[in-house]
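File shown: coords.cif. Contents: mmCIF, N, CA and C atoms.
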```
data_input
#
loop_
_atom_site.label_atom_id
_atom_site.label_comp_id
_atom_site.auth_asym_id
_atom_site.auth_seq_id
_atom_site.Cartn_x
_atom_site.Cartn_y
_atom_site.Cartn_z
N LYS T 1 23.22 35.65 -3.23
CA LYS T 1 23.83 36.58 -4.18
C LYS T 1 25.24 36.10 -4.49
N LEU T 2 25.63 36.19 -5.75
CA LEU T 2 27.00 35.84 -6.13
C LEU T 2 27.88 37.08 -6.04
N CYS T 3 29.05 36.94 -5.44
CA CYS T 3 29.99 38.04 -5.29
C CYS T 3 31.37 37.60 -5.77
N GLY T 4 31.99 38.40 -6.60
CA GLY T 4 33.35 38.12 -7.07
C GLY T 4 34.36 38.59 -6.03
N VAL T 5 35.35 37.75 -5.73
CA VAL T 5 36.36 38.09 -4.73
C VAL T 5 37.45 38.93 -5.39
N LYS T 6 37.67 40.13 -4.86
CA LYS T 6 38.70 41.03 -5.38
C LYS T 6 40.03 40.86 -4.65
N LYS T 7 39.98 40.59 -3.34
CA LYS T 7 41.19 40.57 -2.54
C LYS T 7 40.97 39.70 -1.31
N VAL T 8 41.96 38.90 -0.95
CA VAL T 8 41.91 38.10 0.27
C VAL T 8 43.15 38.46 1.08
N THR T 9 42.96 38.86 2.35
CA THR T 9 44.08 39.29 3.17
C THR T 9 43.76 39.05 4.64
N ARG T 10 44.67 39.48 5.51
CA ARG T 10 44.48 39.34 6.95
C ARG T 10 44.36 40.73 7.57
N GLY T 11 43.47 40.83 8.54
CA GLY T 11 43.25 42.09 9.21
C GLY T 11 43.91 42.12 10.57
N PRO T 12 43.38 42.93 11.50
CA PRO T 12 43.94 43.01 12.85
C PRO T 12 43.91 41.65 13.55
N LYS T 13 44.97 41.36 14.28
CA LYS T 13 45.13 40.10 15.01
C LYS T 13 45.07 38.88 14.09
N GLY T 14 45.41 39.06 12.81
CA GLY T 14 45.50 37.92 11.89
C GLY T 14 44.17 37.39 11.42
N THR T 15 43.09 38.17 11.53
CA THR T 15 41.77 37.72 11.09
C THR T 15 41.71 37.70 9.57
N PRO T 16 41.49 36.53 8.94
CA PRO T 16 41.38 36.52 7.47
C PRO T 16 40.04 37.10 7.02
N TYR T 17 40.07 37.84 5.92
CA TYR T 17 38.84 38.37 5.34
C TYR T 17 39.03 38.54 3.84
N CYS T 18 37.91 38.63 3.13
CA CYS T 18 37.98 38.89 1.69
C CYS T 18 37.06 40.04 1.34
N ILE T 19 37.44 40.77 0.30
CA ILE T 19 36.67 41.90 -0.18
C ILE T 19 36.08 41.52 -1.53
N THR T 20 34.78 41.78 -1.72
CA THR T 20 34.10 41.38 -2.94
C THR T 20 33.95 42.55 -3.91
N HIS T 21 33.45 42.25 -5.10
CA HIS T 21 33.33 43.26 -6.15
C HIS T 21 32.36 44.38 -5.78
N ASP T 22 31.43 44.11 -4.86
CA ASP T 22 30.45 45.13 -4.49
C ASP T 22 30.77 45.81 -3.15
N GLY T 23 32.01 45.61 -2.65
CA GLY T 23 32.45 46.32 -1.46
C GLY T 23 32.19 45.61 -0.15
N ARG T 24 31.64 44.41 -0.17
CA ARG T 24 31.40 43.67 1.08
C ARG T 24 32.72 43.16 1.63
N THR T 25 32.83 43.13 2.94
CA THR T 25 33.97 42.51 3.62
C THR T 25 33.45 41.28 4.33
N LEU T 26 33.93 40.12 3.93
CA LEU T 26 33.47 38.86 4.49
C LEU T 26 34.58 38.28 5.36
N ARG T 27 34.33 38.15 6.65
CA ARG T 27 35.34 37.64 7.57
C ARG T 27 35.34 36.13 7.57
N TYR T 28 36.49 35.56 7.85
CA TYR T 28 36.71 34.12 7.94
C TYR T 28 36.21 33.36 6.71
N PRO T 29 36.71 33.69 5.50
CA PRO T 29 36.32 32.89 4.34
C PRO T 29 37.02 31.52 4.39
N ASP T 30 36.55 30.60 3.57
CA ASP T 30 37.20 29.30 3.44
C ASP T 30 38.65 29.53 2.99
N PRO T 31 39.63 28.80 3.53
CA PRO T 31 41.03 29.02 3.13
C PRO T 31 41.29 28.77 1.64
N GLU T 32 40.39 28.04 0.98
CA GLU T 32 40.53 27.77 -0.45
C GLU T 32 40.15 28.97 -1.32
N VAL T 33 39.40 29.93 -0.77
CA VAL T 33 38.92 31.08 -1.55
C VAL T 33 40.09 32.00 -1.86
N LYS T 34 40.26 32.31 -3.14
CA LYS T 34 41.33 33.19 -3.61
C LYS T 34 40.74 34.29 -4.48
N THR T 35 41.59 35.21 -4.93
CA THR T 35 41.18 36.28 -5.83
C THR T 35 40.62 35.69 -7.12
N ASN T 36 39.60 36.35 -7.69
CA ASN T 36 38.90 35.97 -8.92
C ASN T 36 37.90 34.83 -8.73
N ASP T 37 37.83 34.22 -7.54
CA ASP T 37 36.80 33.21 -7.29
C ASP T 37 35.47 33.92 -7.08
N THR T 38 34.39 33.15 -7.05
CA THR T 38 33.07 33.69 -6.77
C THR T 38 32.51 33.01 -5.54
N VAL T 39 31.95 33.80 -4.61
CA VAL T 39 31.34 33.24 -3.41
C VAL T 39 29.84 33.50 -3.45
N ARG T 40 29.06 32.57 -2.90
CA ARG T 40 27.62 32.73 -2.78
C ARG T 40 27.35 33.20 -1.37
N VAL T 41 26.76 34.40 -1.24
CA VAL T 41 26.58 35.05 0.05
C VAL T 41 25.09 35.08 0.41
N ASP T 42 24.78 34.75 1.66
CA ASP T 42 23.43 34.92 2.19
C ASP T 42 23.26 36.39 2.53
N ILE T 43 22.33 37.07 1.89
CA ILE T 43 22.19 38.52 2.06
C ILE T 43 21.78 38.89 3.48
N THR T 44 20.92 38.09 4.11
CA THR T 44 20.42 38.46 5.44
C THR T 44 21.51 38.35 6.51
N THR T 45 22.34 37.28 6.45
CA THR T 45 23.36 37.10 7.48
C THR T 45 24.72 37.62 7.05
N GLY T 46 24.96 37.72 5.75
CA GLY T 46 26.27 38.16 5.26
C GLY T 46 27.32 37.06 5.32
N LYS T 47 26.90 35.81 5.44
CA LYS T 47 27.84 34.68 5.54
C LYS T 47 28.02 34.03 4.17
N ILE T 48 29.21 33.41 3.98
CA ILE T 48 29.50 32.69 2.74
C ILE T 48 28.84 31.32 2.81
N LEU T 49 28.00 31.00 1.80
CA LEU T 49 27.34 29.71 1.75
C LEU T 49 28.15 28.69 0.94
N ASP T 50 28.73 29.14 -0.17
CA ASP T 50 29.44 28.25 -1.09
C ASP T 50 30.38 29.10 -1.94
N PHE T 51 31.29 28.46 -2.65
CA PHE T 51 32.18 29.21 -3.54
C PHE T 51 32.56 28.38 -4.75
N VAL T 52 32.97 29.08 -5.81
CA VAL T 52 33.43 28.44 -7.05
C VAL T 52 34.81 28.97 -7.35
N LYS T 53 35.75 28.07 -7.66
CA LYS T 53 37.11 28.47 -7.99
C LYS T 53 37.17 29.02 -9.41
N PHE T 54 38.10 29.95 -9.65
CA PHE T 54 38.38 30.42 -11.00
C PHE T 54 39.37 29.44 -11.61
N GLU T 55 38.86 28.47 -12.37
CA GLU T 55 39.72 27.47 -12.99
C GLU T 55 39.07 26.96 -14.26
N ALA T 56 39.88 26.31 -15.09
CA ALA T 56 39.40 25.79 -16.37
C ALA T 56 38.25 24.83 -16.14
N GLY T 57 37.21 24.94 -16.98
CA GLY T 57 36.07 24.05 -16.88
C GLY T 57 34.87 24.65 -16.19
N ASN T 58 35.00 25.82 -15.57
CA ASN T 58 33.87 26.45 -14.89
C ASN T 58 33.19 27.47 -15.81
N THR T 59 31.89 27.69 -15.58
CA THR T 59 31.09 28.60 -16.40
C THR T 59 31.35 30.05 -15.98
N VAL T 60 31.53 30.91 -16.98
CA VAL T 60 31.77 32.33 -16.70
C VAL T 60 30.84 33.19 -17.55
N MET T 61 30.62 34.41 -17.07
CA MET T 61 29.91 35.42 -17.85
C MET T 61 30.86 36.59 -18.03
N ILE T 62 30.85 37.19 -19.21
CA ILE T 62 31.71 38.33 -19.50
C ILE T 62 30.99 39.60 -19.07
N LYS T 63 31.64 40.41 -18.22
CA LYS T 63 31.00 41.60 -17.67
C LYS T 63 31.53 42.90 -18.25
N GLY T 64 32.44 42.83 -19.22
CA GLY T 64 32.97 44.05 -19.83
C GLY T 64 33.63 43.76 -21.16
N GLY T 65 33.91 44.80 -21.92
CA GLY T 65 34.59 44.62 -23.21
C GLY T 65 33.60 44.33 -24.33
N ASN T 66 34.15 43.97 -25.51
CA ASN T 66 33.31 43.73 -26.69
C ASN T 66 32.46 42.46 -26.56
N ASN T 67 32.85 41.53 -25.71
CA ASN T 67 32.12 40.28 -25.55
C ASN T 67 31.14 40.32 -24.38
N MET T 68 30.79 41.50 -23.90
CA MET T 68 29.94 41.64 -22.72
C MET T 68 28.63 40.87 -22.88
N GLY T 69 28.26 40.12 -21.83
CA GLY T 69 27.02 39.37 -21.84
C GLY T 69 27.16 37.94 -22.33
N ARG T 70 28.30 37.60 -22.93
CA ARG T 70 28.48 36.23 -23.42
C ARG T 70 28.77 35.29 -22.26
N VAL T 71 28.35 34.04 -22.42
CA VAL T 71 28.54 33.02 -21.40
C VAL T 71 29.28 31.85 -22.02
N GLY T 72 30.22 31.28 -21.28
CA GLY T 72 30.97 30.14 -21.78
C GLY T 72 31.73 29.44 -20.67
N VAL T 73 32.59 28.51 -21.08
CA VAL T 73 33.38 27.72 -20.15
C VAL T 73 34.85 28.09 -20.33
N ILE T 74 35.57 28.28 -19.23
CA ILE T 74 36.99 28.64 -19.30
C ILE T 74 37.78 27.49 -19.90
N MET T 75 38.57 27.80 -20.94
CA MET T 75 39.46 26.78 -21.51
C MET T 75 40.82 26.86 -20.85
N HIS T 76 41.45 28.04 -20.93
CA HIS T 76 42.71 28.24 -20.22
C HIS T 76 42.98 29.73 -20.04
N ARG T 77 44.00 30.01 -19.24
CA ARG T 77 44.36 31.38 -18.86
C ARG T 77 45.81 31.62 -19.25
N GLU T 78 46.07 32.73 -19.95
CA GLU T 78 47.44 33.13 -20.31
C GLU T 78 47.92 34.13 -19.28
N ARG T 79 49.03 33.83 -18.64
CA ARG T 79 49.59 34.76 -17.66
C ARG T 79 50.61 35.65 -18.35
N HIS T 80 50.47 36.97 -18.13
CA HIS T 80 51.41 37.96 -18.67
C HIS T 80 51.80 38.89 -17.53
N PRO T 81 52.84 38.56 -16.78
CA PRO T 81 53.22 39.41 -15.64
C PRO T 81 53.50 40.85 -16.08
N GLY T 82 52.92 41.80 -15.39
CA GLY T 82 53.12 43.21 -15.71
C GLY T 82 52.20 43.72 -16.79
N SER T 83 51.35 42.85 -17.34
CA SER T 83 50.42 43.26 -18.38
C SER T 83 49.07 42.60 -18.12
N PHE T 84 48.18 42.64 -19.09
CA PHE T 84 46.85 42.07 -18.92
C PHE T 84 46.88 40.56 -19.11
N GLU T 85 46.26 39.84 -18.19
CA GLU T 85 46.16 38.39 -18.35
C GLU T 85 44.95 38.09 -19.21
N ILE T 86 45.09 37.12 -20.11
CA ILE T 86 44.06 36.79 -21.09
C ILE T 86 43.44 35.44 -20.73
N VAL T 87 42.10 35.36 -20.82
CA VAL T 87 41.38 34.12 -20.55
C VAL T 87 40.69 33.70 -21.85
N HIS T 88 40.85 32.41 -22.23
CA HIS T 88 40.21 31.87 -23.42
C HIS T 88 38.96 31.11 -23.00
N ILE T 89 37.85 31.38 -23.69
CA ILE T 89 36.54 30.85 -23.32
C ILE T 89 35.90 30.19 -24.53
N LYS T 90 35.13 29.12 -24.27
CA LYS T 90 34.38 28.44 -25.33
C LYS T 90 32.91 28.45 -24.94
N ASP T 91 32.03 28.94 -25.85
CA ASP T 91 30.60 28.95 -25.52
C ASP T 91 29.95 27.64 -25.92
N SER T 92 28.65 27.50 -25.62
CA SER T 92 27.96 26.22 -25.81
C SER T 92 27.78 25.85 -27.28
N VAL T 93 27.88 26.81 -28.19
CA VAL T 93 27.77 26.53 -29.62
C VAL T 93 29.11 26.02 -30.17
N GLY T 94 30.21 26.35 -29.46
CA GLY T 94 31.52 25.91 -29.90
C GLY T 94 32.44 27.03 -30.33
N HIS T 95 31.93 28.28 -30.32
CA HIS T 95 32.78 29.42 -30.67
C HIS T 95 33.77 29.69 -29.53
N THR T 96 35.03 29.95 -29.87
CA THR T 96 36.01 30.32 -28.85
C THR T 96 36.33 31.80 -28.98
N PHE T 97 36.54 32.44 -27.85
CA PHE T 97 36.91 33.86 -27.83
C PHE T 97 37.75 34.09 -26.60
N SER T 98 38.39 35.25 -26.54
CA SER T 98 39.25 35.56 -25.40
C SER T 98 38.97 36.98 -24.93
N THR T 99 39.28 37.21 -23.66
CA THR T 99 39.07 38.52 -23.06
C THR T 99 40.04 38.70 -21.90
N ARG T 100 40.11 39.91 -21.38
CA ARG T 100 40.97 40.18 -20.24
C ARG T 100 40.40 39.56 -18.97
N LEU T 101 41.27 39.26 -18.03
CA LEU T 101 40.88 38.62 -16.78
C LEU T 101 39.88 39.45 -15.99
N GLN T 102 40.02 40.79 -15.99
CA GLN T 102 39.13 41.62 -15.18
C GLN T 102 37.71 41.69 -15.76
N ASN T 103 37.50 41.19 -16.99
CA ASN T 103 36.16 41.19 -17.60
C ASN T 103 35.38 39.91 -17.31
N ILE T 104 35.93 39.02 -16.48
CA ILE T 104 35.35 37.69 -16.26
C ILE T 104 34.66 37.62 -14.89
N PHE T 105 33.52 36.92 -14.85
CA PHE T 105 32.82 36.65 -13.58
C PHE T 105 32.36 35.20 -13.61
N VAL T 106 32.86 34.40 -12.67
CA VAL T 106 32.50 32.98 -12.62
C VAL T 106 31.07 32.86 -12.10
N VAL T 107 30.19 32.17 -12.87
CA VAL T 107 28.78 32.07 -12.49
C VAL T 107 28.33 30.64 -12.23
N GLY T 108 29.23 29.65 -12.36
CA GLY T 108 28.79 28.29 -12.11
C GLY T 108 29.93 27.30 -12.07
N LYS T 109 29.66 26.17 -11.43
CA LYS T 109 30.64 25.09 -11.32
C LYS T 109 30.43 24.14 -12.49
N GLY T 110 31.52 23.81 -13.20
CA GLY T 110 31.40 22.97 -14.39
C GLY T 110 30.60 23.71 -15.45
N THR T 111 29.73 23.01 -16.14
CA THR T 111 28.91 23.65 -17.17
C THR T 111 27.54 24.04 -16.65
N LYS T 112 27.31 23.88 -15.34
CA LYS T 112 26.01 24.19 -14.73
C LYS T 112 26.06 25.57 -14.07
N PRO T 113 25.39 26.60 -14.64
CA PRO T 113 25.40 27.93 -14.01
C PRO T 113 24.54 27.98 -12.76
N TRP T 114 24.94 28.82 -11.78
CA TRP T 114 24.20 29.03 -10.55
C TRP T 114 23.14 30.11 -10.69
N ILE T 115 23.11 30.78 -11.83
CA ILE T 115 22.14 31.85 -12.05
C ILE T 115 21.30 31.51 -13.26
N SER T 116 20.18 32.19 -13.43
CA SER T 116 19.40 32.02 -14.65
C SER T 116 20.05 32.90 -15.72
N LEU T 117 20.26 32.33 -16.90
CA LEU T 117 20.95 33.05 -17.97
C LEU T 117 19.96 33.92 -18.74
N PRO T 118 20.46 34.99 -19.38
CA PRO T 118 19.57 35.85 -20.16
C PRO T 118 19.05 35.11 -21.39
N LYS T 119 18.06 35.69 -22.07
CA LYS T 119 17.52 35.02 -23.25
C LYS T 119 18.63 34.84 -24.28
N GLY T 120 18.64 33.72 -24.93
CA GLY T 120 19.72 33.40 -25.85
C GLY T 120 20.87 32.70 -25.16
N ASN T 121 20.79 32.56 -23.84
CA ASN T 121 21.82 31.86 -23.05
C ASN T 121 23.23 32.41 -23.22
N GLY T 122 23.35 33.70 -23.52
CA GLY T 122 24.67 34.31 -23.62
C GLY T 122 25.43 33.93 -24.88
N ILE T 123 24.72 33.54 -25.93
CA ILE T 123 25.34 33.17 -27.21
C ILE T 123 25.31 34.38 -28.12
N LYS T 124 26.45 34.72 -28.72
CA LYS T 124 26.52 35.83 -29.65
C LYS T 124 26.13 35.34 -31.04
N LEU T 125 25.12 35.98 -31.63
CA LEU T 125 24.66 35.60 -32.96
C LEU T 125 25.39 36.39 -34.01
N SER T 126 25.58 35.77 -35.18
CA SER T 126 26.17 36.51 -36.30
C SER T 126 25.12 37.47 -36.84
N ILE T 127 25.51 38.35 -37.75
CA ILE T 127 24.59 39.35 -38.29
C ILE T 127 23.43 38.67 -39.00
N VAL T 128 23.69 37.59 -39.73
CA VAL T 128 22.65 36.87 -40.46
C VAL T 128 21.70 36.17 -39.48
N GLU T 129 22.24 35.52 -38.44
CA GLU T 129 21.40 34.80 -37.48
C GLU T 129 20.55 35.75 -36.64
N ASP T 130 21.00 36.99 -36.46
CA ASP T 130 20.34 37.96 -35.60
C ASP T 130 19.01 38.46 -36.20
N ARG T 131 18.82 38.28 -37.51
CA ARG T 131 17.62 38.81 -38.17
C ARG T 131 16.38 38.13 -37.76
#
```

Written form, structure tokens:
Amino acid sequence: KLCGVKKVTRGPKGTPYCITHDGRTLRYPDPEVKTNDTVRVDITTGKILDFVKFEAGNTVMIKGGNNMGRVGVIMHRERHPGSFEIVHIKDSVGHTFSTRLQNIFVVGKGTKPWISLPKGNGIKLSIVEDR
């Protein structure tokens, strides 16, 4: 299962742990795992198998906002301290769009997704193409 990392911190006696988008607490994550990354979790043991960094060039799926369901590759991230951070994404057809950071979920390393994509591969069709 893919889980988005919401927070990485230290617990009692300095034990590192991370909290995921679905409320799981994973102890002793890789030191490279940071907020907004995605970890692959084994459901039976609850251990982290692998992880993907939130960085330019990785495949993402939009989980909220007007672009919900679209899939693309991160181009770059605009930092706005005290406000919403914006991420610019390019889909496989070549359309570029942007959304808020909290609407993003990393689903693959490079252009290879770790999940099966929905029909249409997360491409938004124009009104004419949709017919």

Closest contacts (stretch 49-97 of chain T/stretch 113-123 of chain T, max 6 Å, only C-alpha atoms) as a Markdown table:
```
| residue | atom | partner | partner_atom | distance |
| --- | --- | --- | --- | --- |
| T:Gly69 | CA | T:Gly122 | CA | 5.9 |
| T:Arg70 | CA | T:Gly122 | CA | 4.3 |
| T:Val71 | CA | T:Gly122 | CA | 4.6 |
```

query = At a cut-off of 8 Å from (21.1, 37.5, -1.8) in the coordinates of the file, what residues are picked up using only C-alpha atoms, written as a list in words?
reply =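 Every polymer residue passing the test: Lys1, Leu2, Val41, Asp42, Ile43 and Thr44 of chain T.
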
Preceding selection exported with N, CA and C atoms as a CSV table (one decimal), keeping the file's coordinate frame:
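part.csv was written with the following content:
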```
chain,number,residue,atom,x,y,z
T,1,LYS,N,23.2,35.6,-3.2
T,1,LYS,CA,23.8,36.6,-4.2
T,1,LYS,C,25.2,36.1,-4.5
T,2,LEU,N,25.6,36.2,-5.8
T,2,LEU,CA,27.0,35.8,-6.1
T,2,LEU,C,27.9,37.1,-6.0
T,41,VAL,N,26.8,34.4,-1.2
T,41,VAL,CA,26.6,35.0,0.0
T,41,VAL,C,25.1,35.1,0.4
T,42,ASP,N,24.8,34.8,1.7
T,42,ASP,CA,23.4,34.9,2.2
T,42,ASP,C,23.3,36.4,2.5
T,43,ILE,N,22.3,37.1,1.9
T,43,ILE,CA,22.2,38.5,2.1
T,43,ILE,C,21.8,38.9,3.5
T,44,THR,N,20.9,38.1,4.1
T,44,THR,CA,20.4,38.5,5.4
T,44,THR,C,21.5,38.4,6.5
```

Compile the contact shell of T:Ile74 as a short mmCIF file (atom, residue, chain, number, x, y, z; two decimals) with N, CA and C atoms, keeping the file's coordinate frame: residues with an atom at most 6 Å away, counting all atoms listed in the file, same-chain residues fewer than 3 positions apart removed.
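Result file result-v5.cif:
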```cif
data_model
loop_
_atom_site.label_atom_id
_atom_site.label_comp_id
_atom_site.auth_asym_id
_atom_site.auth_seq_id
_atom_site.Cartn_x
_atom_site.Cartn_y
_atom_site.Cartn_z
N GLU T 55 38.86 28.47 -12.37
CA GLU T 55 39.72 27.47 -12.99
C GLU T 55 39.07 26.96 -14.26
N ALA T 56 39.88 26.31 -15.09
CA ALA T 56 39.40 25.79 -16.37
C ALA T 56 38.25 24.83 -16.14
N GLY T 57 37.21 24.94 -16.98
CA GLY T 57 36.07 24.05 -16.88
C GLY T 57 34.87 24.65 -16.19
N ASN T 58 35.00 25.82 -15.57
CA ASN T 58 33.87 26.45 -14.89
C ASN T 58 33.19 27.47 -15.81
N THR T 59 31.89 27.69 -15.58
CA THR T 59 31.09 28.60 -16.40
C THR T 59 31.35 30.05 -15.98
N VAL T 60 31.53 30.91 -16.98
CA VAL T 60 31.77 32.33 -16.70
C VAL T 60 30.84 33.19 -17.55
N HIS T 88 40.85 32.41 -22.23
CA HIS T 88 40.21 31.87 -23.42
C HIS T 88 38.96 31.11 -23.00
N ILE T 89 37.85 31.38 -23.69
CA ILE T 89 36.54 30.85 -23.32
C ILE T 89 35.90 30.19 -24.53
N LYS T 90 35.13 29.12 -24.27
CA LYS T 90 34.38 28.44 -25.33
C LYS T 90 32.91 28.45 -24.94
#
```

key: Distance of atom N of T:Gly4 from atom C of T:His21, expressed in Å to one decimal place   =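 Distance between the two atoms: 6.0 Å.
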
request  = Fewer than 4 positions away in the same chain doesn't count, so skip those; otherwise give me all residues within 12 Å of T:Arg79, counting only C-alpha atoms, as a list of chain:residue names.
outcome  =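 Counting only the stated atoms, we get T:Ser83, T:Phe84, T:Glu85, T:Ile86, T:Val87, T:His88, T:Arg100, T:Leu101.
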
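Our summary of the geometry notes that atom N of T:His76 is positioned 21.8 Å from atom CA of T:Cys3.
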
Interatomic distance, atom CA of T:Asp30 to atom CA of T:Leu49 (Å, one decimal) = 10.0 Å

Every residue of chain T that DSSP places in helix (DSSP H, G or I), as a PyMOL selection string = chain T and resi 12-14+101-103

request  = Run the PyMOL selection byres ((chain T and resi 51) around 8) on the file and write out the hits as a list in words.
outcome  =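 Taken on the displayed file, the PyMOL selection byres ((chain T and resi 51) around 8) yields the residues Val33, Asp37, Thr38, Val39, Arg40, Val41, Ile48, Leu49, Asp50, Val52, Lys53, Phe54, Gly108 and Lys109 of chain T.
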
Any chance you could list, as an mmCIF file with N, CA and C atoms, in the coordinates of the input, the residues in stretch 23-93 of chain T that come up strand (DSSP E or B) when DSSP is run on the backbone?
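Dumped to result.cif:
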```cif
data_model
loop_
_atom_site.group_PDB
_atom_site.id
_atom_site.type_symbol
_atom_site.label_atom_id
_atom_site.label_comp_id
_atom_site.auth_asym_id
_atom_site.auth_seq_id
_atom_site.Cartn_x
_atom_site.Cartn_y
_atom_site.Cartn_z
ATOM 1 N N THR T 25 32.830 43.130 2.940
ATOM 2 C CA THR T 25 33.970 42.510 3.620
ATOM 3 C C THR T 25 33.450 41.280 4.330
ATOM 4 N N LEU T 26 33.930 40.120 3.930
ATOM 5 C CA LEU T 26 33.470 38.860 4.490
ATOM 6 C C LEU T 26 34.580 38.280 5.360
ATOM 7 N N ARG T 27 34.330 38.150 6.650
ATOM 8 C CA ARG T 27 35.340 37.640 7.570
ATOM 9 C C ARG T 27 35.340 36.130 7.570
ATOM 10 N N THR T 38 34.390 33.150 -7.050
ATOM 11 C CA THR T 38 33.070 33.690 -6.770
ATOM 12 C C THR T 38 32.510 33.010 -5.540
ATOM 13 N N VAL T 39 31.950 33.800 -4.610
ATOM 14 C CA VAL T 39 31.340 33.240 -3.410
ATOM 15 C C VAL T 39 29.840 33.500 -3.450
ATOM 16 N N ARG T 40 29.060 32.570 -2.900
ATOM 17 C CA ARG T 40 27.620 32.730 -2.780
ATOM 18 C C ARG T 40 27.350 33.200 -1.370
ATOM 19 N N VAL T 41 26.760 34.400 -1.240
ATOM 20 C CA VAL T 41 26.580 35.050 0.050
ATOM 21 C C VAL T 41 25.090 35.080 0.410
ATOM 22 N N ILE T 48 29.210 33.410 3.980
ATOM 23 C CA ILE T 48 29.500 32.690 2.740
ATOM 24 C C ILE T 48 28.840 31.320 2.810
ATOM 25 N N LEU T 49 28.000 31.000 1.800
ATOM 26 C CA LEU T 49 27.340 29.710 1.750
ATOM 27 C C LEU T 49 28.150 28.690 0.940
ATOM 28 N N ASP T 50 28.730 29.140 -0.170
ATOM 29 C CA ASP T 50 29.440 28.250 -1.090
ATOM 30 C C ASP T 50 30.380 29.100 -1.940
ATOM 31 N N PHE T 51 31.290 28.460 -2.650
ATOM 32 C CA PHE T 51 32.180 29.210 -3.540
ATOM 33 C C PHE T 51 32.560 28.380 -4.750
ATOM 34 N N VAL T 52 32.970 29.080 -5.810
ATOM 35 C CA VAL T 52 33.430 28.440 -7.050
ATOM 36 C C VAL T 52 34.810 28.970 -7.350
ATOM 37 N N THR T 59 31.890 27.690 -15.580
ATOM 38 C CA THR T 59 31.090 28.600 -16.400
ATOM 39 C C THR T 59 31.350 30.050 -15.980
ATOM 40 N N VAL T 60 31.530 30.910 -16.980
ATOM 41 C CA VAL T 60 31.770 32.330 -16.700
ATOM 42 C C VAL T 60 30.840 33.190 -17.550
ATOM 43 N N MET T 61 30.620 34.410 -17.070
ATOM 44 C CA MET T 61 29.910 35.420 -17.850
ATOM 45 C C MET T 61 30.860 36.590 -18.030
ATOM 46 N N ILE T 62 30.850 37.190 -19.210
ATOM 47 C CA ILE T 62 31.710 38.330 -19.500
ATOM 48 C C ILE T 62 30.990 39.600 -19.070
ATOM 49 N N VAL T 71 28.350 34.040 -22.420
ATOM 50 C CA VAL T 71 28.540 33.020 -21.400
ATOM 51 C C VAL T 71 29.280 31.850 -22.020
ATOM 52 N N GLY T 72 30.220 31.280 -21.280
ATOM 53 C CA GLY T 72 30.970 30.140 -21.780
ATOM 54 C C GLY T 72 31.730 29.440 -20.670
ATOM 55 N N VAL T 73 32.590 28.510 -21.080
ATOM 56 C CA VAL T 73 33.380 27.720 -20.150
ATOM 57 C C VAL T 73 34.850 28.090 -20.330
ATOM 58 N N ILE T 74 35.570 28.280 -19.230
ATOM 59 C CA ILE T 74 36.990 28.640 -19.300
ATOM 60 C C ILE T 74 37.780 27.490 -19.900
ATOM 61 N N MET T 75 38.570 27.800 -20.940
ATOM 62 C CA MET T 75 39.460 26.780 -21.510
ATOM 63 C C MET T 75 40.820 26.860 -20.850
ATOM 64 N N HIS T 76 41.450 28.040 -20.930
ATOM 65 C CA HIS T 76 42.710 28.240 -20.220
ATOM 66 C C HIS T 76 42.980 29.730 -20.040
ATOM 67 N N ARG T 77 44.000 30.010 -19.240
ATOM 68 C CA ARG T 77 44.360 31.380 -18.860
ATOM 69 C C ARG T 77 45.810 31.620 -19.250
ATOM 70 N N GLU T 78 46.070 32.730 -19.950
ATOM 71 C CA GLU T 78 47.440 33.130 -20.310
ATOM 72 C C GLU T 78 47.920 34.130 -19.280
ATOM 73 N N ILE T 86 45.090 37.120 -20.110
ATOM 74 C CA ILE T 86 44.060 36.790 -21.090
ATOM 75 C C ILE T 86 43.440 35.440 -20.730
ATOM 76 N N VAL T 87 42.100 35.360 -20.820
ATOM 77 C CA VAL T 87 41.380 34.120 -20.550
ATOM 78 C C VAL T 87 40.690 33.700 -21.850
ATOM 79 N N HIS T 88 40.850 32.410 -22.230
ATOM 80 C CA HIS T 88 40.210 31.870 -23.420
ATOM 81 C C HIS T 88 38.960 31.110 -23.000
ATOM 82 N N ILE T 89 37.850 31.380 -23.690
ATOM 83 C CA ILE T 89 36.540 30.850 -23.320
ATOM 84 C C ILE T 89 35.900 30.190 -24.530
ATOM 85 N N LYS T 90 35.130 29.120 -24.270
ATOM 86 C CA LYS T 90 34.380 28.440 -25.330
ATOM 87 C C LYS T 90 32.910 28.450 -24.940
#
```

ask   = Residues around (38.9, 35.6, 11.0), cut-off 7 Å, counting all atoms listed in the file - what are they as a PyMOL selection string?
value = chain T and resi 14-17+27-29

Please produce an output containing N, CA and C atoms for each residue in the selection, written as a PDB file, in the frame of the given file.
```pdb
ATOM      1  N   GLY T  14      45.410  39.060  12.810  1.00  0.00           N
ATOM      2  CA  GLY T  14      45.500  37.920  11.890  1.00  0.00           C
ATOM      3  C   GLY T  14      44.170  37.390  11.420  1.00  0.00           C
ATOM      4  N   THR T  15      43.090  38.170  11.530  1.00  0.00           N
ATOM      5  CA  THR T  15      41.770  37.720  11.090  1.00  0.00           C
ATOM      6  C   THR T  15      41.710  37.700   9.570  1.00  0.00           C
ATOM      7  N   PRO T  16      41.490  36.530   8.940  1.00  0.00           N
ATOM      8  CA  PRO T  16      41.380  36.520   7.470  1.00  0.00           C
ATOM      9  C   PRO T  16      40.040  37.100   7.020  1.00  0.00           C
ATOM     10  N   TYR T  17      40.070  37.840   5.920  1.00  0.00           N
ATOM     11  CA  TYR T  17      38.840  38.370   5.340  1.00  0.00           C
ATOM     12  C   TYR T  17      39.030  38.540   3.840  1.00  0.00           C
ATOM     13  N   ARG T  27      34.330  38.150   6.650  1.00  0.00           N
ATOM     14  CA  ARG T  27      35.340  37.640   7.570  1.00  0.00           C
ATOM     15  C   ARG T  27      35.340  36.130   7.570  1.00  0.00           C
ATOM     16  N   TYR T  28      36.490  35.560   7.850  1.00  0.00           N
ATOM     17  CA  TYR T  28      36.710  34.120   7.940  1.00  0.00           C
ATOM     18  C   TYR T  28      36.210  33.360   6.710  1.00  0.00           C
ATOM     19  N   PRO T  29      36.710  33.690   5.500  1.00  0.00           N
ATOM     20  CA  PRO T  29      36.320  32.890   4.340  1.00  0.00           C
ATOM     21  C   PRO T  29      37.020  31.520   4.390  1.00  0.00           C
TER      22      PRO T  29
END
```
